[in-house]
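Q: Sharing a structure below in structure tokens format, with a few things to ask.
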Amino acid sequence: MNERLRLTAHAWKRLSQRNLTLSDLLMAIKHGQRIHRAHACFYFLGLRNLPSGASSDLHRLVGTTVVVENNEIVTAYRNKRASSKIRRKAKRYHGFPIAVQRALQDGARVAMAARA
């Protein structure tokens with residue numbers, strides 16, 4: 001994966017709440033299973049995805065899931081059964097993608113500023 005990823009403010013907040021580091025995220029993205037669902041890409045790091053001979057420190061990352069949409073890391077969490085839950089999600093997202101939501105919000109802010 002050669003593209004650059006940005007972290008959203010929500011992702012930074014969740015990383016600190018869930019005791020995850022940037023290197024943990026990179027490990028999950030590099031070695032994890034990639035699943036495309038609901039207009040996002042989920043990287044799930046399962047026990048089988050850990051490199052052979054992984055230290056016990058890396059075993060704490062089992063179940064780490066990173067959600068990426070439009071080259072932005074949206075959130076990250078730990079759930080050892082997340083892979084099956086992700087697979088049950090709809091393949092198509094029926095709402096607005098995050099980029100469209102932000103554009104709409106920015107447009108509303110501009111309109112409100114113009115009125116003032």
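Residues in the structure tokens are numbered from 1 in each chain, the chains being A, B, ... in the order shown, and ligands are numbered from 1 in the order shown.
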Please list as a list in words every residue within 8 Å of Phe42 (chain A), counting only C-alpha atoms and excluding residues in the same chain fewer than 4 positions away.

A: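 Returned residues: Gln33, Arg34, Ile35, His36, Arg37, Thr65, Val66, Val67, Val68 and Ile86 of chain A.
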
Q: Output the selection as a CSV table (one decimal), in the first residue's frame - C-alpha atoms for each residue.

A:
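For reference, result-v7.csv as written:
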```
chain,number,residue,atom,x,y,z
A,33,GLN,CA,-6.8,-9.1,6.1
A,34,ARG,CA,-8.4,-6.5,3.8
A,35,ILE,CA,-12.2,-6.5,3.5
A,36,HIS,CA,-14.1,-4.0,1.4
A,37,ARG,CA,-17.6,-3.3,2.8
A,65,THR,CA,-9.5,-3.5,13.0
A,66,VAL,CA,-8.7,-0.3,11.2
A,67,VAL,CA,-11.4,1.4,9.1
A,68,VAL,CA,-10.1,3.4,6.1
A,86,ILE,CA,-17.7,-7.0,8.9
```

Q: Please identify the helix (DSSP H, G or I) residues within region 5-48 of chain A (assignment by DSSP from backbone atoms) and present them as a list of chain:residue names.

A: A:Ala9, A:His10, A:Ala11, A:Trp12, A:Lys13, A:Arg14, A:Leu15, A:Ser16, A:Gln17, A:Leu22, A:Ser23, A:Asp24, A:Leu25, A:Leu26, A:Met27, A:Ala28, A:Ile29, A:Lys30, A:His31, A:Leu47, A:Arg48

Q: Leu5 (chain A): which residues within 12 Å, counting only C-alpha atoms, same-chain residues fewer than 5 positions away excluded, as an mmCIF file with N, CA and C atoms, in the first residue's frame?

A:
```cif
data_model
loop_
_atom_site.group_PDB
_atom_site.id
_atom_site.type_symbol
_atom_site.label_atom_id
_atom_site.label_comp_id
_atom_site.auth_asym_id
_atom_site.auth_seq_id
_atom_site.Cartn_x
_atom_site.Cartn_y
_atom_site.Cartn_z
ATOM 1 N N ALA A 11 -10.392 9.469 14.760
ATOM 2 C CA ALA A 11 -9.441 8.355 14.870
ATOM 3 C C ALA A 11 -8.405 8.625 15.961
ATOM 4 N N LEU A 22 0.344 4.402 16.521
ATOM 5 C CA LEU A 22 0.425 4.434 15.060
ATOM 6 C C LEU A 22 1.109 3.183 14.522
ATOM 7 N N LEU A 25 -1.392 0.462 14.248
ATOM 8 C CA LEU A 25 -2.225 0.609 13.063
ATOM 9 C C LEU A 25 -1.490 0.161 11.810
ATOM 10 N N LEU A 26 -0.236 0.553 11.708
ATOM 11 C CA LEU A 26 0.547 0.156 10.534
ATOM 12 C C LEU A 26 0.722 -1.355 10.471
ATOM 13 N N ILE A 29 -2.551 -2.726 9.193
ATOM 14 C CA ILE A 29 -2.738 -2.440 7.774
ATOM 15 C C ILE A 29 -1.801 -3.296 6.923
ATOM 16 N N VAL A 66 -8.889 -1.682 11.585
ATOM 17 C CA VAL A 66 -8.687 -0.296 11.168
ATOM 18 C C VAL A 66 -9.646 -0.024 10.009
ATOM 19 N N VAL A 67 -10.411 1.050 10.120
ATOM 20 C CA VAL A 67 -11.379 1.412 9.083
ATOM 21 C C VAL A 67 -10.819 2.585 8.288
ATOM 22 N N VAL A 68 -10.666 2.391 6.971
ATOM 23 C CA VAL A 68 -10.093 3.405 6.086
ATOM 24 C C VAL A 68 -11.123 3.752 5.017
ATOM 25 N N GLU A 69 -11.339 5.042 4.822
ATOM 26 C CA GLU A 69 -12.238 5.513 3.768
ATOM 27 C C GLU A 69 -11.630 6.745 3.131
ATOM 28 N N ASN A 70 -11.503 6.730 1.814
ATOM 29 C CA ASN A 70 -10.936 7.863 1.062
ATOM 30 C C ASN A 70 -9.565 8.265 1.589
ATOM 31 N N ASN A 71 -8.670 7.317 1.788
ATOM 32 C CA ASN A 71 -7.307 7.548 2.279
ATOM 33 C C ASN A 71 -7.261 8.217 3.637
ATOM 34 N N GLU A 72 -8.310 8.056 4.429
ATOM 35 C CA GLU A 72 -8.344 8.562 5.799
ATOM 36 C C GLU A 72 -8.652 7.406 6.742
ATOM 37 N N ILE A 73 -7.891 7.322 7.811
ATOM 38 C CA ILE A 73 -8.205 6.340 8.843
ATOM 39 C C ILE A 73 -9.327 6.940 9.674
ATOM 40 N N VAL A 74 -10.493 6.312 9.599
ATOM 41 C CA VAL A 74 -11.684 6.851 10.244
ATOM 42 C C VAL A 74 -11.730 6.452 11.710
#
```

Q: Could you name the residues that touch Trp12 (chain A) at 10 Å or less, counting only C-alpha atoms, but leaving out those on the same chain fewer than 3 positions away, as an mmCIF file with N, CA and C atoms, in the first residue's frame?

A:
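Done, and the output landed in around_21.cif:
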```cif
data_model
loop_
_atom_site.group_PDB
_atom_site.id
_atom_site.type_symbol
_atom_site.label_atom_id
_atom_site.label_comp_id
_atom_site.auth_asym_id
_atom_site.auth_seq_id
_atom_site.Cartn_x
_atom_site.Cartn_y
_atom_site.Cartn_z
ATOM 1 N N LEU A 7 -5.087 10.608 9.456
ATOM 2 C CA LEU A 7 -5.956 10.236 10.567
ATOM 3 C C LEU A 7 -6.955 11.357 10.820
ATOM 4 N N THR A 8 -8.202 10.996 10.977
ATOM 5 C CA THR A 8 -9.214 11.992 11.319
ATOM 6 C C THR A 8 -9.106 12.306 12.807
ATOM 7 N N ALA A 9 -9.746 13.382 13.214
ATOM 8 C CA ALA A 9 -9.757 13.751 14.637
ATOM 9 C C ALA A 9 -10.428 12.646 15.458
ATOM 10 N N LEU A 15 -7.861 6.222 19.143
ATOM 11 C CA LEU A 15 -6.562 5.592 19.395
ATOM 12 C C LEU A 15 -6.138 5.800 20.841
ATOM 13 N N SER A 16 -6.312 7.005 21.331
ATOM 14 C CA SER A 16 -5.901 7.267 22.705
ATOM 15 C C SER A 16 -6.814 6.553 23.691
ATOM 16 N N GLN A 17 -8.105 6.467 23.386
ATOM 17 C CA GLN A 17 -9.037 5.781 24.282
ATOM 18 C C GLN A 17 -8.793 4.276 24.317
ATOM 19 N N LEU A 20 -4.042 2.340 21.450
ATOM 20 C CA LEU A 20 -3.415 1.901 20.211
ATOM 21 C C LEU A 20 -2.430 2.969 19.756
ATOM 22 N N THR A 21 -1.340 2.538 19.146
ATOM 23 C CA THR A 21 -0.341 3.473 18.635
ATOM 24 C C THR A 21 -0.372 3.460 17.111
ATOM 25 N N LEU A 22 0.344 4.402 16.521
ATOM 26 C CA LEU A 22 0.425 4.434 15.060
ATOM 27 C C LEU A 22 1.109 3.183 14.522
ATOM 28 N N ILE A 73 -7.891 7.322 7.811
ATOM 29 C CA ILE A 73 -8.205 6.340 8.843
ATOM 30 C C ILE A 73 -9.327 6.940 9.674
ATOM 31 N N VAL A 74 -10.493 6.312 9.599
ATOM 32 C CA VAL A 74 -11.684 6.851 10.244
ATOM 33 C C VAL A 74 -11.730 6.452 11.710
ATOM 34 N N THR A 75 -11.443 5.198 11.994
ATOM 35 C CA THR A 75 -11.453 4.719 13.372
ATOM 36 C C THR A 75 -10.675 3.409 13.456
ATOM 37 N N ALA A 76 -10.431 2.964 14.664
ATOM 38 C CA ALA A 76 -9.778 1.685 14.916
ATOM 39 C C ALA A 76 -10.335 1.126 16.214
#
```

Q: Kindly indicate which residue among A:His10, A:His31, A:Arg18, A:Arg4 lies nearest to Gly46 (chain A), using only C-alpha atoms for the distances.

A: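 Once distances to Gly46 (chain A) are computed over only C-alpha atoms, the minimum belongs to A:His31.
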
Q: Measure the distance from CA of Lys13 (chain A) to CA of Arg60 (chain A) in Å and round it to one decimal.

A: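 Computing the Euclidean distance for CA of Lys13 (chain A) and CA of Arg60 (chain A) yields 19.8 Å.
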
Q: Taking only C-alpha atoms into account, which of A:Ala38, A:Phe44, A:Asp24, A:Gly32 comes nearest Arg81 (chain A)?

A: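 That would be A:Phe44, the residue with the smallest distance to Arg81 (chain A).
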